[in-house]
Protein chains: 2
Amino acid sequence: MNESSFNPVTDTIVDELRDIVGPSYVVYGDADKLQPYSHDEIPDRHYAHMPDVLARPRTAEDIAAVMKLANRDRIAVTPRGAGSGLSGGAVPIHGGIVLLCDRMNEILEVDEANMMLVAEPGVVTAEINERLAGTGLFYAGYPMSLETCSLGGNVAENAGGGKAVKYGVTSRYVLGLEVVTPTGEIVQLGGKLIKDVTGYSLVPLMLGSEGTLGIFTKITLKLSPAPRSSVDLLALFKTAEDAIAAVPTIMTEGGIVPTAIEFIDRNAVKLACDYLNETLPYQDAGAMLLLTCDGPTTEQVEREYEAIGEQCLAAGGIEVYVADNATTTERIWSVRRNIAEAAALLGEHQANEDLVVPPAAIAELVLGLEAISRKHDVFMPAYGHAGDGNIHTRIIKRPETSIEDWQAALPGVLREVYTLTARLGGRISGEHGIGHKRKAHMGQFVSEAYLDLCRSLKKAWDPNGVLNPGKIFDL
Amino acid sequence: MNESSFNPVTDTIVDELRDIVGPSYVVYGDADKLQPYSHDEIPDRHYAHMPDVLARPRTAEDIAAVMKLANRDRIAVTPRGAGSGLSGGAVPIHGGIVLLCDRMNEILEVDEANMMLVAEPGVVTAEINERLAGTGLFYAGYPMSLETCSLGGNVAENAGGGKAVKYGVTSRYVLGLEVVTPTGEIVQLGGKLIKDVTGYSLVPLMLGSEGTLGIFTKITLKLSPAPRSSVDLLALFKTAEDAIAAVPTIMTEGGIVPTAIEFIDRNAVKLACDYLNETLPYQDAGAMLLLTCDGPTTEQVEREYEAIGEQCLAAGGIEVYVADNATTTERIWSVRRNIAEAAALLGEHQANEDLVVPPAAIAELVLGLEAISRKHDVFMPAYGHAGDGNIHTRIIKRPETSIEDWQAALPGVLREVYTLTARLGGRISGEHGIGHKRKAHMGQFVSEAYLDLCRSLKKAWDPNGVLNPGKIFDL
């Protein structure tokens with residue numbers, strides 16, 4: 001199967017798309033209007049590619065009809081949510097049709113008795129907990145882009161985020177999916193069941209499949225009792241080394257699993273504070289940990305955060321601030337959430353990375369990144385979900401470096417970053433996905449036998465290779 | 001692909017097997033020694049089938065060599081752990097080779113810094129926490145058969161068990177797998193990573209695949225901080241209706257997620273108490289709930305169990321007993337764990353069921369089962385993981401019923417049980433699996449489109465259909 005041999009989108013195809021989704025929901029022949037759908041949030045625009053046509057379906061049946069058409073004429077289809085991805089998963093690298101799911105944006109059901117919620121893929125993630133306010137329930141997913149990203153993308157990428165240390169990633173909460181298969185069948189997977197081994201577990205297989213195995217049209221989420229108390233700690237450390245070394249200790253000693261353990265180095269916090277015009281007391285600190293404890297009672301949370309605060313100080317922390325009200329908490333988390341956006345403003349000459357290593361190797365990873373940054377004289381703020389072993393770094397061109405020098409240097413920097421990660425038993429994506437950005441590096445982290453399993457699965461379900469081609473691996 | 005067209009095991013094949021695993025680890029031509037491998041723990045022996053030969057591999061390479069041979073000559077291979085399954089997953093219904101993993105029984109690594117453990121599939125589940133004693137860590141899996149079942153089988157069936165309300169089922173803890181594929185390749189999936197989206201999530205797909213997609217040779221488990229305090233409550237209710245109606249309330253009110261909410265009706269508790277010669281104060285009760293709270297401190301656990309105890313009384317409980325020491329706790333849980341074994345002694349004329357419904361529908365399910373039991377005059381003790389919506393029942397012939405009448409009645413009883421379950425949005429297996437026992441009923445619970453996805457995946461990975469053929473669905 002040659003992925004570059006897709007057929008072009010003809011006027012006839014466009015007419016058929018208009019028949020399926022309605023004439024006002026097709027964009028064709030207007031480069032300005034199509035351009036926003038040529039990229040996601042990767043700063044480096046060399047990963048962008050224009051679609052031929054945009055279609056905005058309203059129903060699973062719309063999507064099924066588009067997939068039938070795409071199979072009939074062998075046209076590439078790329079599903080897209082909010083476009084907030086960081087690996088190119090929603091970028092139509094073979095052109096063709098972009099299926100934008102923004103019209104499928106309803107929360108269909110809040111089922112309090114079962115502690116579940118059913119939503120369409122275009123629902124913005126933050127809306128879920130807004131809707132649940134007052135029910136005593138909450139959805140534990142908390143991707144950093146929750147104010148803009150949509151649930152379908154969270155499922156497609158198996159989004160992680162800030163609360164995964166305690167609550168796990170998106171896959172822990174997706175109980176059921178309605179999926180349109182690559183060949184255009186509508187199929188129900190899972191359901192309102194906490195446990196279910198009635199056949200293969202296809203729901204978790206869909207999580208993180210980056211829109212290559214199916215398009216989600218209904219998502220059933222498990223909800224949790226909302227914590228009645230929550231406190232954040234901002235623990236400052238003299239060096240990144242001190243801060244990061246404290247993380248495995250917090251995890252293994254004390255018997256407490258915090259909700260969040262976020263690491264932010266000085267470069268990253270300065271970037272976000274400058275961007276937000278925010279002040280945090282980080283002047284004397286080389287790095288900080290942002291920790292959250294939540295639970296059913298104030299007393300329990302107090303006991304937990306006091307124990308963790310003491311652990312931070314014992315591990316060399318120079319100061320621990322407690323944020324126990326919503327305003328301060330939101331200020332701190334806003335800084336954390338805005339690092340990526342602030343960094344993106346530094347221009348397109350940067351690589352956004354999403355390294356994940358065994359949790360005990362986190363210090364070695366962060367120190368290794370610092371060494372690589374010094375050696376190559378590149379700006380590399382580091383931050384992320386230290387409790388999960390998942391560190392983001394951005395490798396950013398310094399203003400004084402020429403574009404030519406930068407382009408010559410970047411592959412070598414990346415090679416060292418990936419070699420370090422591989423040596424620590426890590427992988428190149430903890431939550432952002434592979435897309436086409438990291439595809440060429442897969443062979444360094446997974447075996448050919450593994451890729452063969454992935455390829456044969458993909459070919460079995462998508463014999464014409466039309467759904468989101470060119471992502472994760474080549475066929 | 002015709003599953004009945006497997007080739008017979010010849011003397012040449014047996015010699016090759018002896019070369020692979022060692023001559024003393026092959027059993028052939030001895031019906032008495034092969035008989036134990038013809039069945040699992042399903043009481044009804046009509047689901048049994050004799051293997052042609054038993055081979056006991058020691059390494060992944062042994063298994064890979066057997067799979068290569070099986071593909072070359074098209075011979076059925078059925079992997080087997082402790083044989084404690086309840087759906088026939090380990091029964092060689094097409095004869096051929098049974099691969100018994102009992103020699104692969106080492107805990108290979110306790111990695112305290114990463115809070116992980118690596119084990120071979122033949123490790124008995126209870127050994128894991130025995131090994132972890134004193135580390136402050138524990139493995140949260142707790143299948144009811146933990147003293148006899150093995151980890152490989154837990155993975156193959158995605159075992160649930162007693163603590164899944166709070167801790168989830170086996171899949172939440174399996175981070176990495178070494179797998180021998182149906183065609184005999186050794187492949188590493190996942191690893192010591194808490195989060196990982198570097199390619200398709202094949203680890204959770206393997207969970208519950210019942211040995212049809214691969215044979216697990218190394219299993220990496222995530223461990224948790226061991227709870228420092230744990231208390232069990234035995235809450236007695238006048239009727240099953242009262243007991244089961246309390247369950248969704250406990251789940252949705254109070255904001256506390258208990259570790260366990262087990263339901264045991266009077267029939268089930270009497271069976272197990274008689275079998276164990278144990279006394280529990282159930283004389284005036286129609287049913288009981290066994291609830292566990294655990295956590296990092298005594299105070300927290302106390303607060304939780306007091307709140308839950310009050311909820312039970314408010315929901316109509318007639319008495320709540322507290323078990324806060326290891327001896328009493330073990331007595332109560334031993335009763336719960338031995339219900340299946342006690343029921344199995346009532347003879348082979350019984351059907352063991354593993355129904356799962358949305359948690360809010362649990363009362364309707366249990367009351368419906370009582371009505372069916374009365375209508376058909378069959379003995380149907382009911383028990384199980386009420387907090388997960390997962391209820392076991394055994395449909396058991398009364399001594400005074402003739403075998404002919406029983407055989408005439410059972411299909412009708414099962415039909416009503418399954419129709420009720422389907423009407424409530426449920427499925428036929430929460431944790432025991434489909435195997436060949438429930439295969440014929442799949443069509444009532446999942447769609448043909450779903451089965452097509454499963455079949456095409458199976459065919460892609462096992463083109464000769466040699467690995468555990470005839471389970472879950474027909475090709």
# chains A, B, ... in the order shown; residues from 1 in each chain; ligands from 1
>>> residues_around(residues="Cys312 in chain A", least_positions_apart="5", cutoff="8 Å", atoms="only C-alpha atoms", output="ChimeraX atom specification")
/A:235,246,250,317,320
>>> write_last_selection(atoms="N, CA, C and O atoms", output="mmCIF file, in the first residue's frame")
data_model
loop_
_atom_site.group_PDB
_atom_site.id
_atom_site.type_symbol
_atom_site.label_atom_id
_atom_site.label_comp_id
_atom_site.auth_asym_id
_atom_site.auth_seq_id
_atom_site.Cartn_x
_atom_site.Cartn_y
_atom_site.Cartn_z
ATOM 1 N N ALA A 235 6.678 24.432 46.013
ATOM 2 C CA ALA A 235 7.920 24.166 46.755
ATOM 3 C C ALA A 235 9.096 24.631 45.917
ATOM 4 O O ALA A 235 9.276 24.185 44.780
ATOM 5 N N ALA A 246 13.725 15.243 44.614
ATOM 6 C CA ALA A 246 12.715 15.063 45.666
ATOM 7 C C ALA A 246 11.526 14.238 45.184
ATOM 8 O O ALA A 246 10.817 13.629 45.989
ATOM 9 N N ILE A 250 9.073 11.599 47.321
ATOM 10 C CA ILE A 250 7.678 11.899 47.662
ATOM 11 C C ILE A 250 6.774 10.734 47.256
ATOM 12 O O ILE A 250 5.848 10.367 47.958
ATOM 13 N N GLY A 317 14.331 21.611 49.922
ATOM 14 C CA GLY A 317 13.506 22.735 49.496
ATOM 15 C C GLY A 317 13.841 23.977 50.304
ATOM 16 O O GLY A 317 14.127 23.885 51.501
ATOM 17 N N VAL A 320 8.330 26.502 51.094
ATOM 18 C CA VAL A 320 7.114 25.860 50.597
ATOM 19 C C VAL A 320 5.936 26.799 50.855
ATOM 20 O O VAL A 320 5.676 27.169 52.003
#
>>> residues_around(residues="Gln283 in chain A", least_positions_apart="5", cutoff="12 Å", atoms="only C-alpha atoms", output="CSV table (one decimal) with N, CA and C atoms, in the first residue's frame")
chain,number,residue,atom,x,y,z
A,236,LEU,N,9.9,25.6,46.5
A,236,LEU,CA,11.0,26.1,45.7
A,236,LEU,C,12.3,25.4,46.1
A,237,PHE,N,13.1,25.2,45.1
A,237,PHE,CA,14.4,24.5,45.4
A,237,PHE,C,15.5,25.3,44.8
A,238,LYS,N,16.7,25.2,45.3
A,238,LYS,CA,17.8,26.0,44.8
A,238,LYS,C,18.2,25.6,43.4
A,239,THR,N,18.2,24.3,43.1
A,239,THR,CA,18.5,23.9,41.8
A,239,THR,C,17.5,22.9,41.3
A,265,ASP,N,11.2,24.3,35.7
A,265,ASP,CA,12.5,24.9,36.0
A,265,ASP,C,12.4,26.4,35.8
A,266,ARG,N,13.4,27.1,36.2
A,266,ARG,CA,13.4,28.5,36.3
A,266,ARG,C,13.1,29.2,34.9
A,267,ASN,N,13.7,28.6,33.9
A,267,ASN,CA,13.4,29.1,32.5
A,267,ASN,C,12.0,29.1,32.2
A,269,VAL,N,9.3,28.8,34.2
A,269,VAL,CA,8.4,29.6,35.1
A,269,VAL,C,8.6,31.1,34.7
A,270,LYS,N,9.8,31.5,34.3
A,270,LYS,CA,10.0,32.9,33.9
A,270,LYS,C,9.3,33.2,32.6
A,273,CYS,N,5.5,33.5,33.5
A,273,CYS,CA,5.2,34.6,34.3
A,273,CYS,C,5.3,35.9,33.5
A,288,MET,N,11.0,24.6,40.7
A,288,MET,CA,10.0,24.5,41.7
A,288,MET,C,9.2,23.2,41.4
A,318,ILE,N,13.8,25.2,49.7
A,318,ILE,CA,14.2,26.4,50.4
A,318,ILE,C,12.9,27.1,50.9
A,319,GLU,N,11.8,26.8,50.4
A,319,GLU,CA,10.6,27.4,50.9
A,319,GLU,C,9.4,26.6,50.3
>>> residues_around(residues="range 370-379 of chain B", least_positions_apart="3", cutoff="8 Å", atoms="only C-alpha atoms", output="ChimeraX atom specification")
/B:366-367,394-398,409,413,416-417
>>> write_last_selection(atoms="C-alpha atoms", output="short mmCIF file (atom, residue, chain, number, x, y, z; two decimals), in the first residue's frame")
data_model
loop_
_atom_site.label_atom_id
_atom_site.label_comp_id
_atom_site.auth_asym_id
_atom_site.auth_seq_id
_atom_site.Cartn_x
_atom_site.Cartn_y
_atom_site.Cartn_z
CA VAL B 366 -30.49 -9.02 41.77
CA LEU B 367 -34.26 -8.79 42.23
CA ARG B 394 -24.83 -20.04 40.03
CA ILE B 395 -27.90 -21.68 38.57
CA ILE B 396 -27.90 -25.03 40.37
CA LYS B 397 -30.06 -28.11 39.97
CA ARG B 398 -32.01 -28.98 43.11
CA ALA B 409 -35.05 -26.18 31.96
CA VAL B 413 -33.44 -20.03 32.71
CA GLU B 416 -34.22 -15.15 30.96
CA VAL B 417 -31.08 -14.27 32.92
#
>>> residues_around(residues="Val187 in chain B", least_positions_apart="2", cutoff="8 Å", atoms="only C-alpha atoms", output="list in words")
Ser447, Ala449 and Tyr450 of chain A; Glu178, Val179, Val180, Thr181, Glu185 and Leu189 of chain B
>>> write_last_selection(atoms="C-alpha atoms", output="compact mmCIF listing (two decimals), in the first residue's frame")
# COMPACT_ATOMS: atom_id res chain seq x y z
CA SER A 447 10.92 -3.02 17.99
CA ALA A 449 8.05 -6.86 15.79
CA TYR A 450 5.91 -4.33 17.70
CA GLU B 178 6.71 -9.54 26.96
CA VAL B 179 4.51 -11.47 24.58
CA VAL B 180 5.01 -14.36 22.21
CA THR B 181 2.78 -13.62 19.24
CA GLU B 185 7.70 -13.64 17.54
CA LEU B 189 4.94 -4.06 24.80
>>> select_by_dssp(residues="range 317-434 of chain A", states="strand (DSSP E)", output="list in words")
Gly317, Ile318, Glu319, Val320, Tyr321, Val322, Ala323, Gln350, Ala351, Asn352, Glu353, Asp354, Leu355, Val356, Ala382, Tyr383, Gly384, His385, Asn390, Ile391, His392, Thr393, Arg394, Ile395 and Ile396 of chain A
>>> residues_around(residues="range 434-436 of chain B", least_positions_apart="6", cutoff="10 Å", atoms="only C-alpha atoms", output="PyMOL selection string")
(chain A and resi 197-200) or (chain B and resi 47+85-91+93+157+208-212+354+428+442+468-474)
>>> closest_residue(among="B:Asn277, B:Thr170, B:Ser402, B:Ser456", to="chain A", atoms="only C-alpha atoms")
B:Ser456
>>> closest_residue(among="A:Ala272, A:Ala126, A:Ala156, A:Leu223", to="Ser201 in chain B", atoms="only C-alpha atoms")
A:Ala156
>>> residues_around(residues="range 334-346 of chain A", least_positions_apart="5", cutoff="6 Å", atoms="only C-alpha atoms", output="list in words")
Pro43, Met144, Ala272 and Tyr275 of chain A
>>> closest_residue(among="A:Ala307, A:Ala408, A:Leu207, A:Cys293", to="chain B", atoms="only C-alpha atoms")
A:Leu207
>>> closest_residue(among="B:Val155, B:Val466, B:Ala315, B:Ala382", to="chain A", atoms="only C-alpha atoms")
B:Val155
>>> closest_residue(among="A:Asp102, A:Asp11, A:Glu304, A:Asp40", to="Tyr25 in chain A", atoms="only C-alpha atoms")
A:Asp102
